[in-house]
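Peer 1: Supplied structure: target.txt, compact mmCIF, N, CA, C and O atoms and all ligand atoms.
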```txt
# COMPACT_ATOMS: atom_id res chain seq x y z
N MET A 842 66.44 167.92 275.89
CA MET A 842 65.71 166.68 276.28
C MET A 842 65.38 166.68 277.78
O MET A 842 64.37 166.19 278.19
N LYS A 843 66.26 167.25 278.54
CA LYS A 843 66.05 167.27 279.98
C LYS A 843 64.75 168.03 280.34
O LYS A 843 64.00 167.63 281.20
N LYS A 844 64.55 169.10 279.61
CA LYS A 844 63.38 169.92 279.85
C LYS A 844 62.08 169.13 279.58
O LYS A 844 61.12 169.22 280.31
N LEU A 845 62.11 168.35 278.49
CA LEU A 845 60.95 167.55 278.12
C LEU A 845 60.62 166.53 279.21
O LEU A 845 59.48 166.37 279.60
N THR A 846 61.66 165.86 279.69
CA THR A 846 61.48 164.86 280.73
C THR A 846 60.83 165.47 281.96
O THR A 846 59.93 164.91 282.56
N LEU A 847 61.29 166.67 282.30
CA LEU A 847 60.75 167.35 283.47
C LEU A 847 59.27 167.67 283.30
O LEU A 847 58.48 167.46 284.20
N SER A 848 58.89 168.16 282.12
CA SER A 848 57.50 168.53 281.92
C SER A 848 56.59 167.30 281.90
O SER A 848 55.46 167.35 282.34
N VAL A 849 57.11 166.19 281.39
CA VAL A 849 56.34 164.94 281.42
C VAL A 849 56.10 164.50 282.87
O VAL A 849 55.01 164.11 283.24
N ALA A 850 57.14 164.62 283.67
CA ALA A 850 57.02 164.25 285.08
C ALA A 850 55.99 165.14 285.77
O ALA A 850 55.17 164.67 286.55
N ALA A 851 56.04 166.42 285.48
CA ALA A 851 55.10 167.36 286.08
C ALA A 851 53.68 167.04 285.66
O ALA A 851 52.75 167.10 286.46
N LEU A 852 53.52 166.67 284.39
CA LEU A 852 52.20 166.33 283.87
C LEU A 852 51.66 165.08 284.57
O LEU A 852 50.50 165.00 284.93
N THR A 853 52.54 164.10 284.74
CA THR A 853 52.14 162.85 285.40
C THR A 853 51.67 163.13 286.82
O THR A 853 50.64 162.63 287.25
N ILE A 854 52.39 163.97 287.51
CA ILE A 854 52.02 164.32 288.88
C ILE A 854 50.67 165.04 288.88
O ILE A 854 49.80 164.76 289.68
N ALA A 855 50.50 165.96 287.91
CA ALA A 855 49.25 166.70 287.82
C ALA A 855 48.07 165.76 287.56
O ALA A 855 47.00 165.93 288.11
N MET A 856 48.30 164.77 286.72
CA MET A 856 47.23 163.83 286.40
C MET A 856 46.90 162.94 287.59
O MET A 856 45.75 162.60 287.83
N MET A 857 47.93 162.54 288.33
CA MET A 857 47.71 161.68 289.49
C MET A 857 46.91 162.39 290.56
O MET A 857 46.12 161.78 291.26
N SER A 858 47.13 163.68 290.68
CA SER A 858 46.43 164.43 291.72
C SER A 858 45.20 165.14 291.17
O SER A 858 44.68 166.03 291.79
N TYR A 859 44.78 164.75 290.02
CA TYR A 859 43.63 165.40 289.39
C TYR A 859 42.40 165.37 290.30
O TYR A 859 42.05 164.33 290.83
N GLY A 860 41.80 166.52 290.45
CA GLY A 860 40.59 166.59 291.27
C GLY A 860 40.86 166.72 292.74
O GLY A 860 39.94 166.90 293.52
N GLN A 861 42.13 166.62 293.11
CA GLN A 861 42.47 166.74 294.52
C GLN A 861 43.36 167.95 294.73
O GLN A 861 44.36 168.11 294.05
N THR A 862 43.00 168.79 295.64
CA THR A 862 43.83 169.93 295.96
C THR A 862 44.21 169.87 297.43
O THR A 862 43.50 169.29 298.23
N GLN A 863 45.33 170.49 297.71
CA GLN A 863 45.75 170.53 299.11
C GLN A 863 44.91 171.54 299.85
O GLN A 863 44.59 172.61 299.33
N CYS A 864 44.57 171.20 301.06
CA CYS A 864 43.75 172.06 301.90
C CYS A 864 44.46 173.39 302.16
O CYS A 864 45.66 173.44 302.38
N ASN A 865 43.70 174.48 302.09
CA ASN A 865 44.27 175.80 302.35
C ASN A 865 44.23 176.19 303.82
O ASN A 865 44.63 177.29 304.18
N GLY A 866 43.74 175.31 304.62
CA GLY A 866 43.67 175.60 306.06
C GLY A 866 45.04 175.53 306.71
O GLY A 866 46.00 175.02 306.13
N LEU A 867 45.14 176.05 307.90
CA LEU A 867 46.39 176.02 308.65
C LEU A 867 46.23 175.14 309.88
O LEU A 867 45.18 175.12 310.51
N THR A 868 47.30 174.43 310.19
CA THR A 868 47.29 173.61 311.40
C THR A 868 47.57 174.50 312.61
O THR A 868 47.84 175.69 312.48
N LYS A 869 47.56 173.88 313.78
CA LYS A 869 47.85 174.62 315.01
C LYS A 869 49.23 175.26 314.99
O LYS A 869 49.48 176.27 315.64
N ASP A 870 50.15 174.66 314.24
CA ASP A 870 51.51 175.19 314.14
C ASP A 870 51.66 176.21 313.02
O ASP A 870 52.76 176.58 312.64
N SER A 871 50.53 176.65 312.47
CA SER A 871 50.53 177.65 311.39
C SER A 871 51.23 177.20 310.12
O SER A 871 51.80 178.00 309.40
N VAL A 872 51.22 175.90 309.86
CA VAL A 872 51.70 175.40 308.58
C VAL A 872 50.50 174.90 307.78
O VAL A 872 49.47 174.57 308.35
N GLN A 873 50.68 174.88 306.46
CA GLN A 873 49.56 174.49 305.63
C GLN A 873 49.16 173.04 305.89
O GLN A 873 50.00 172.15 305.97
N CYS A 874 47.88 172.86 306.02
CA CYS A 874 47.30 171.53 306.26
C CYS A 874 47.69 170.60 305.12
O CYS A 874 47.67 170.99 303.96
N LYS A 875 48.08 169.37 305.43
CA LYS A 875 48.51 168.43 304.41
C LYS A 875 47.37 167.58 303.86
O LYS A 875 47.58 166.76 302.97
N ASN A 876 46.20 167.76 304.38
CA ASN A 876 45.06 166.99 303.87
C ASN A 876 44.72 167.42 302.45
O ASN A 876 44.90 168.57 302.08
N THR A 877 44.25 166.48 301.66
CA THR A 877 43.77 166.83 300.33
C THR A 877 42.26 166.83 300.34
O THR A 877 41.61 166.18 301.14
N THR A 878 41.71 167.61 299.44
CA THR A 878 40.26 167.74 299.38
C THR A 878 39.80 167.84 297.94
O THR A 878 40.57 168.24 297.07
N LYS A 879 38.58 167.45 297.70
CA LYS A 879 38.03 167.56 296.36
C LYS A 879 36.98 168.67 296.28
O LYS A 879 36.40 168.91 295.24
N ASN A 880 36.74 169.34 297.38
CA ASN A 880 35.67 170.34 297.33
C ASN A 880 36.18 171.69 296.82
O ASN A 880 37.38 171.96 296.78
N LYS A 881 35.23 172.53 296.40
CA LYS A 881 35.58 173.77 295.71
C LYS A 881 36.21 174.82 296.62
O LYS A 881 36.96 175.67 296.16
N VAL A 882 35.91 174.78 297.88
CA VAL A 882 36.47 175.79 298.79
C VAL A 882 37.92 175.47 299.16
O VAL A 882 38.59 176.26 299.81
N GLU A 883 38.40 174.28 298.74
CA GLU A 883 39.78 173.87 298.99
C GLU A 883 40.12 173.83 300.46
O GLU A 883 41.19 174.27 300.90
N LEU A 884 39.19 173.32 301.22
CA LEU A 884 39.42 173.11 302.63
C LEU A 884 39.00 171.68 302.96
O LEU A 884 37.96 171.22 302.50
N CYS A 885 39.82 170.99 303.72
CA CYS A 885 39.46 169.63 304.09
C CYS A 885 38.35 169.67 305.13
O CYS A 885 37.98 170.72 305.64
N TYR A 886 37.84 168.50 305.48
CA TYR A 886 36.71 168.45 306.41
C TYR A 886 37.05 169.04 307.77
O TYR A 886 36.17 169.51 308.48
N LEU A 887 38.34 169.07 308.10
CA LEU A 887 38.74 169.64 309.38
C LEU A 887 38.63 171.16 309.37
O LEU A 887 38.38 171.79 310.39
N HIS A 888 38.87 171.75 308.21
CA HIS A 888 38.92 173.20 308.12
C HIS A 888 37.70 173.83 307.46
O HIS A 888 37.53 175.04 307.51
N ASN A 889 36.90 173.00 306.82
CA ASN A 889 35.71 173.53 306.17
C ASN A 889 34.60 173.74 307.20
O ASN A 889 34.10 172.78 307.77
N PRO A 890 34.22 175.01 307.44
CA PRO A 890 33.20 175.27 308.46
C PRO A 890 31.83 174.72 308.05
O PRO A 890 30.96 174.54 308.89
N ASN A 891 31.66 174.46 306.75
CA ASN A 891 30.37 173.97 306.27
C ASN A 891 30.30 172.45 306.23
O ASN A 891 29.29 171.88 305.85
N TYR A 892 31.40 171.80 306.61
CA TYR A 892 31.42 170.35 306.57
C TYR A 892 30.46 169.77 307.61
O TYR A 892 30.51 170.13 308.78
N VAL A 893 29.61 168.89 307.14
CA VAL A 893 28.69 168.24 308.05
C VAL A 893 29.23 166.86 308.39
O VAL A 893 29.40 166.01 307.51
N LYS A 894 29.55 166.68 309.62
CA LYS A 894 30.11 165.41 310.06
C LYS A 894 29.04 164.32 310.04
O LYS A 894 27.98 164.49 310.63
N PRO A 895 29.32 163.23 309.35
CA PRO A 895 28.32 162.16 309.34
C PRO A 895 28.16 161.60 310.74
O PRO A 895 29.13 161.45 311.47
N SER A 896 26.95 161.30 311.08
CA SER A 896 26.68 160.77 312.41
C SER A 896 27.36 159.42 312.59
O SER A 896 27.26 158.55 311.74
N LYS A 897 28.05 159.26 313.68
CA LYS A 897 28.81 158.04 313.91
C LYS A 897 27.92 156.83 314.13
O LYS A 897 28.32 155.70 313.92
N THR A 898 26.74 157.07 314.59
CA THR A 898 25.87 155.95 314.92
C THR A 898 25.07 155.47 313.72
O THR A 898 24.42 154.44 313.78
N THR A 899 25.11 156.22 312.63
CA THR A 899 24.35 155.82 311.45
C THR A 899 25.08 154.73 310.68
O THR A 899 26.24 154.89 310.33
N THR A 900 24.40 153.66 310.41
CA THR A 900 24.98 152.60 309.60
C THR A 900 24.65 152.86 308.14
O THR A 900 23.50 153.07 307.79
N VAL A 901 25.68 152.91 307.32
CA VAL A 901 25.47 153.14 305.90
C VAL A 901 26.05 151.97 305.11
O VAL A 901 26.90 151.24 305.61
N VAL A 902 25.60 151.83 303.89
CA VAL A 902 26.19 150.82 303.01
C VAL A 902 27.50 151.38 302.49
O VAL A 902 27.58 152.55 302.11
N CYS A 903 28.52 150.55 302.49
CA CYS A 903 29.86 150.95 302.07
C CYS A 903 29.84 151.59 300.68
O CYS A 903 29.16 151.12 299.78
N GLY A 904 30.57 152.66 300.53
CA GLY A 904 30.65 153.36 299.25
C GLY A 904 31.72 152.81 298.33
O GLY A 904 31.96 153.34 297.26
N GLY A 905 32.37 151.74 298.74
CA GLY A 905 33.45 151.16 297.94
C GLY A 905 32.92 150.30 296.80
O GLY A 905 31.73 150.04 296.69
N THR A 906 33.82 149.88 295.96
CA THR A 906 33.48 149.05 294.81
C THR A 906 34.25 147.74 294.91
O THR A 906 35.42 147.74 295.25
N THR A 907 33.61 146.65 294.60
CA THR A 907 34.27 145.35 294.66
C THR A 907 35.16 145.14 293.44
O THR A 907 35.14 145.95 292.51
N GLN A 908 35.92 144.05 293.45
CA GLN A 908 36.81 143.76 292.32
C GLN A 908 36.03 143.53 291.04
O GLN A 908 36.55 143.69 289.95
N LYS A 909 34.76 143.14 291.17
CA LYS A 909 33.92 142.94 289.99
C LYS A 909 33.33 144.24 289.48
O LYS A 909 32.64 144.27 288.47
N GLY A 910 33.55 145.31 290.18
CA GLY A 910 33.05 146.61 289.76
C GLY A 910 31.65 146.91 290.24
O GLY A 910 31.04 147.90 289.84
N THR A 911 31.12 146.05 291.11
CA THR A 911 29.80 146.32 291.68
C THR A 911 29.95 147.01 293.02
O THR A 911 31.01 146.97 293.64
N ASN A 912 28.88 147.61 293.49
CA ASN A 912 28.94 148.30 294.76
C ASN A 912 29.09 147.32 295.91
O ASN A 912 28.44 146.28 295.94
N CYS A 913 29.95 147.67 296.84
CA CYS A 913 30.15 146.86 298.02
C CYS A 913 28.87 146.84 298.84
O CYS A 913 28.22 147.86 299.00
N LYS A 914 28.50 145.68 299.34
CA LYS A 914 27.24 145.57 300.09
C LYS A 914 27.43 145.59 301.60
O LYS A 914 26.48 145.52 302.36
N ASN A 915 28.68 145.69 302.03
CA ASN A 915 28.94 145.72 303.46
C ASN A 915 28.36 146.97 304.09
O ASN A 915 28.35 148.04 303.50
N LYS A 916 27.93 146.83 305.33
CA LYS A 916 27.44 147.98 306.07
C LYS A 916 28.56 148.47 306.99
O LYS A 916 29.38 147.69 307.46
N THR A 917 28.58 149.78 307.20
CA THR A 917 29.63 150.34 308.04
C THR A 917 29.10 151.49 308.88
O THR A 917 28.16 152.18 308.49
N LYS A 918 29.71 151.67 310.03
CA LYS A 918 29.39 152.82 310.87
C LYS A 918 30.52 153.85 310.82
O LYS A 918 30.47 154.87 311.49
N ASP A 919 31.55 153.54 310.04
CA ASP A 919 32.69 154.44 309.97
C ASP A 919 32.32 155.75 309.28
O ASP A 919 31.55 155.76 308.32
N SER A 920 32.90 156.85 309.76
CA SER A 920 32.55 158.17 309.22
C SER A 920 33.00 158.34 307.77
O SER A 920 32.53 159.21 307.06
N SER A 921 33.93 157.49 307.32
CA SER A 921 34.38 157.57 305.93
C SER A 921 33.34 156.99 304.98
O SER A 921 33.40 157.21 303.78
N GLY A 922 32.40 156.22 305.55
CA GLY A 922 31.39 155.59 304.71
C GLY A 922 31.91 154.37 303.98
O GLY A 922 31.32 153.90 303.02
N LEU A 923 33.04 153.85 304.45
CA LEU A 923 33.63 152.67 303.82
C LEU A 923 33.75 151.55 304.85
O LEU A 923 34.05 151.80 306.02
N CYS A 924 33.54 150.32 304.41
CA CYS A 924 33.66 149.18 305.30
C CYS A 924 35.13 148.88 305.57
O CYS A 924 36.02 149.45 304.93
N HIS A 925 35.39 147.91 306.45
CA HIS A 925 36.79 147.59 306.80
C HIS A 925 37.58 147.10 305.61
O HIS A 925 38.79 147.26 305.54
N ASN A 926 36.91 146.51 304.63
CA ASN A 926 37.63 146.03 303.44
C ASN A 926 38.14 147.18 302.58
O ASN A 926 39.14 147.04 301.88
N HIS A 927 37.44 148.27 302.60
CA HIS A 927 37.80 149.37 301.70
C HIS A 927 38.54 150.51 302.39
O HIS A 927 38.91 151.48 301.76
N ARG A 928 38.74 150.38 303.67
CA ARG A 928 39.43 151.44 304.40
C ARG A 928 40.92 151.19 304.51
O ARG A 928 41.66 152.02 304.99
N ASN A 929 41.37 150.01 304.08
CA ASN A 929 42.75 149.61 304.36
C ASN A 929 43.80 150.25 303.46
O ASN A 929 44.95 149.89 303.54
N ASP A 930 43.44 151.15 302.64
CA ASP A 930 44.47 151.77 301.80
C ASP A 930 44.70 153.19 302.25
O ASP A 930 45.63 153.61 302.75
ZN ZN A 1001 42.75 171.03 306.33
ZN ZN A 1002 33.29 147.94 301.31
```
Could you take the file, read its structure, and then write that structure out as structure tokens?

Peer 2:
Amino acid sequence: MKKLTLSVAALTIAMMSYGQTQCNGLTKDSVQCKNTTKNKVELCYLHNPNYVKPSKTTTVVCGGTTQKGTNCKNKTKDSSGLCHNHRND
């Protein structure tokens, strides 16, 4: 039974992190970067040489979703593309 419990736990963790992989880049201290990424090269925006940094001065509509499930209409200049309401997590 112990074995079963362990595999269920492992599965739960795998499902929670679905689509997210740890960055394969190395920090200045030569340890693996702790950032997670969803891109195929498995490098976060800090380590991905092809990452295009969004312009800080560009105002975009927030990419978050409201509690009603509609797109957030707030505008933001944050590089995450999320307004202050959606960045707090
Ligand atoms: Zn990284
Ligand atoms: Zn928002």

Peer 1: Which centre and edge lengths in Å to one decimal define the box along x, y and z that fits every listed atom of region 861-874 of chain A plus 4 Å per side, as AutoDock Vina command-line options?

Peer 2:
```
--center_x 47.4 --center_y 172.3 --center_z 304.4 --size_x 18.6 --size_y 19.4 --size_z 30.5
```

Peer 1: Please return, as a PyMOL selection string, all residues of chain A that DSSP assigns to strand (DSSP E or B) on the basis of the backbone.

Peer 2: chain A and resi 862-863+867+873+877-878+901-902+906+912+916-917

Peer 1: For the selection just defined, write its residues with N, CA, C and O atoms to a file, as a PDB file, in the frame of the given file.

Peer 2:
```
ATOM      1  N   THR A 862      43.000 168.790 295.640  1.00  0.00           N
ATOM      2  CA  THR A 862      43.830 169.930 295.960  1.00  0.00           C
ATOM      3  C   THR A 862      44.210 169.870 297.430  1.00  0.00           C
ATOM      4  O   THR A 862      43.500 169.290 298.230  1.00  0.00           O
ATOM      5  N   GLN A 863      45.330 170.490 297.710  1.00  0.00           N
ATOM      6  CA  GLN A 863      45.750 170.530 299.110  1.00  0.00           C
ATOM      7  C   GLN A 863      44.910 171.540 299.850  1.00  0.00           C
ATOM      8  O   GLN A 863      44.590 172.610 299.330  1.00  0.00           O
ATOM      9  N   LEU A 867      45.140 176.050 307.900  1.00  0.00           N
ATOM     10  CA  LEU A 867      46.390 176.020 308.650  1.00  0.00           C
ATOM     11  C   LEU A 867      46.230 175.140 309.880  1.00  0.00           C
ATOM     12  O   LEU A 867      45.180 175.120 310.510  1.00  0.00           O
ATOM     13  N   GLN A 873      50.680 174.880 306.460  1.00  0.00           N
ATOM     14  CA  GLN A 873      49.560 174.490 305.630  1.00  0.00           C
ATOM     15  C   GLN A 873      49.160 173.040 305.890  1.00  0.00           C
ATOM     16  O   GLN A 873      50.000 172.150 305.970  1.00  0.00           O
ATOM     17  N   THR A 877      44.250 166.480 301.660  1.00  0.00           N
ATOM     18  CA  THR A 877      43.770 166.830 300.330  1.00  0.00           C
ATOM     19  C   THR A 877      42.260 166.830 300.340  1.00  0.00           C
ATOM     20  O   THR A 877      41.610 166.180 301.140  1.00  0.00           O
ATOM     21  N   THR A 878      41.710 167.610 299.440  1.00  0.00           N
ATOM     22  CA  THR A 878      40.260 167.740 299.380  1.00  0.00           C
ATOM     23  C   THR A 878      39.800 167.840 297.940  1.00  0.00           C
ATOM     24  O   THR A 878      40.570 168.240 297.070  1.00  0.00           O
ATOM     25  N   VAL A 901      25.680 152.910 307.320  1.00  0.00           N
ATOM     26  CA  VAL A 901      25.470 153.140 305.900  1.00  0.00           C
ATOM     27  C   VAL A 901      26.050 151.970 305.110  1.00  0.00           C
ATOM     28  O   VAL A 901      26.900 151.240 305.610  1.00  0.00           O
ATOM     29  N   VAL A 902      25.600 151.830 303.890  1.00  0.00           N
ATOM     30  CA  VAL A 902      26.190 150.820 303.010  1.00  0.00           C
ATOM     31  C   VAL A 902      27.500 151.380 302.490  1.00  0.00           C
ATOM     32  O   VAL A 902      27.580 152.550 302.110  1.00  0.00           O
ATOM     33  N   THR A 906      33.820 149.880 295.960  1.00  0.00           N
ATOM     34  CA  THR A 906      33.480 149.050 294.810  1.00  0.00           C
ATOM     35  C   THR A 906      34.250 147.740 294.910  1.00  0.00           C
ATOM     36  O   THR A 906      35.420 147.740 295.250  1.00  0.00           O
ATOM     37  N   ASN A 912      28.880 147.610 293.490  1.00  0.00           N
ATOM     38  CA  ASN A 912      28.940 148.300 294.760  1.00  0.00           C
ATOM     39  C   ASN A 912      29.090 147.320 295.910  1.00  0.00           C
ATOM     40  O   ASN A 912      28.440 146.280 295.940  1.00  0.00           O
ATOM     41  N   LYS A 916      27.930 146.830 305.330  1.00  0.00           N
ATOM     42  CA  LYS A 916      27.440 147.980 306.070  1.00  0.00           C
ATOM     43  C   LYS A 916      28.560 148.470 306.990  1.00  0.00           C
ATOM     44  O   LYS A 916      29.380 147.690 307.460  1.00  0.00           O
ATOM     45  N   THR A 917      28.580 149.780 307.200  1.00  0.00           N
ATOM     46  CA  THR A 917      29.630 150.340 308.040  1.00  0.00           C
ATOM     47  C   THR A 917      29.100 151.490 308.880  1.00  0.00           C
ATOM     48  O   THR A 917      28.160 152.180 308.490  1.00  0.00           O
TER      49      THR A 917
END
```

Peer 1: Report as a list in words all protein, DNA and RNA residues lying within 7 Å of Asn865 (chain A), evaluated on all atoms listed in the file, omitting residues in the same chain fewer than 2 positions from it.

Peer 2: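 Within the cut-off, the hits are Thr862, Gln863, Leu867, Val872, Gln873, Cys874, Asn876, Val882, Glu883, Leu884 and Cys885 of chain A.
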
Peer 1: Atom O of Thr899 (chain A) to atom ZN of ligand ZN 1001 (chain A): how many Å, to one decimal?

Peer 2: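 Computed distance, atom O of Thr899 (chain A) to atom ZN of ligand ZN 1001 (chain A), equals 23.4 Å.
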
Peer 1: Of the residues A:Tyr886, A:Leu845, A:Ser871, A:Asn880, which is the one nearest to ligand ZN 1001 (chain A), using only C-alpha atoms and all ligand atoms?

Peer 2: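 Of A:Tyr886, A:Leu845, A:Ser871, A:Asn880, the one nearest ligand ZN 1001 (chain A), counting only C-alpha atoms and all ligand atoms, is A:Tyr886.
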
Peer 1: To one decimal place, how far is atom N of Val849 (chain A) from CA of Thr877 (chain A) in Å?

Peer 2: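 For atom N of Val849 (chain A) relative to CA of Thr877 (chain A), the distance reads 23.2 Å.
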
Peer 1: From chain A, collect each residue whose DSSP state is alpha helix (DSSP H) and return the set as a list in words.

Peer 2: Lys843, Lys844, Leu845, Thr846, Leu847, Ser848, Val849, Ala850, Ala851, Leu852, Thr853, Ile854, Ala855, Met856 and Met857 of chain A

Peer 1: Which one is closest to Lys894 (chain A): A:Thr878, A:Ser921, A:Thr906, A:Thr868? Count only C-alpha atoms.

Peer 2: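 For Lys894 (chain A), the nearest of the candidates is A:Ser921.
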
Peer 1: Quick one: pull the distance between CA of Lys914 (chain A) and CA of Val901 (chain A), Å, one decimal.

Peer 2: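 Separation between CA of Lys914 (chain A) and CA of Val901 (chain A): 9.7 Å.
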
Peer 1: Which residue gives the smallest distance to ligand ZN 1001 (chain A) among A:His888, A:Lys869, A:Lys881, A:Lys844, with only N, CA, C and O atoms and all ligand atoms counted?

Peer 2: A:His888

Peer 1: Using 7 Å as the limit and counting all atoms listed in the file, can you tabulate each residue of chain A that touches ligand ZN 1002 (chain A), with its shortest atom-to-atom distance in Å and the two atoms involved, as a tab-separated table?

Peer 2:
```
residue	atom	partner	partner_atom	distance
A:Val902	C	A:ZN1002	ZN	6.8
A:Cys903	CA	A:ZN1002	ZN	4.6
A:Gly904	N	A:ZN1002	ZN	5.5
A:Gly905	CA	A:ZN1002	ZN	4.7
A:Thr906	N	A:ZN1002	ZN	5.7
A:Thr907	N	A:ZN1002	ZN	6.8
A:Asn912	C	A:ZN1002	ZN	6.9
A:Cys913	CA	A:ZN1002	ZN	4.7
A:Lys914	N	A:ZN1002	ZN	5.7
A:Asn915	N	A:ZN1002	ZN	5.2
A:Lys916	N	A:ZN1002	ZN	6.8
A:Gly922	O	A:ZN1002	ZN	6.5
A:Leu923	C	A:ZN1002	ZN	5.1
A:Cys924	N	A:ZN1002	ZN	3.9
A:His925	N	A:ZN1002	ZN	5.6
A:Asn926	C	A:ZN1002	ZN	5.1
A:His927	N	A:ZN1002	ZN	4.4
A:Arg928	N	A:ZN1002	ZN	6.4
```

Peer 1: Pick the closest to ligand ZN 1001 (chain A) from A:Ser920, A:Ser848, A:Thr898, A:Asn889: which is it, counting all atoms listed in the file?

Peer 2: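 Among the listed residues, A:Asn889 lies closest to ligand ZN 1001 (chain A).
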
Peer 1: Kindly indicate which residue among A:Thr900, A:Lys879, A:Gly866, A:Tyr892 lies nearest to ligand ZN 1001 (chain A), using only C-alpha atoms and all ligand atoms for the distances.

Peer 2: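 With only C-alpha atoms and all ligand atoms as the atom set, the closest residue is A:Gly866.
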
Peer 1: Taking only C-alpha atoms and all ligand atoms into account, name the residue in A:Gln861, A:Thr846, A:Leu887, A:Ala851 that is nearest to ligand ZN 1001 (chain A).

Peer 2: A:Leu887
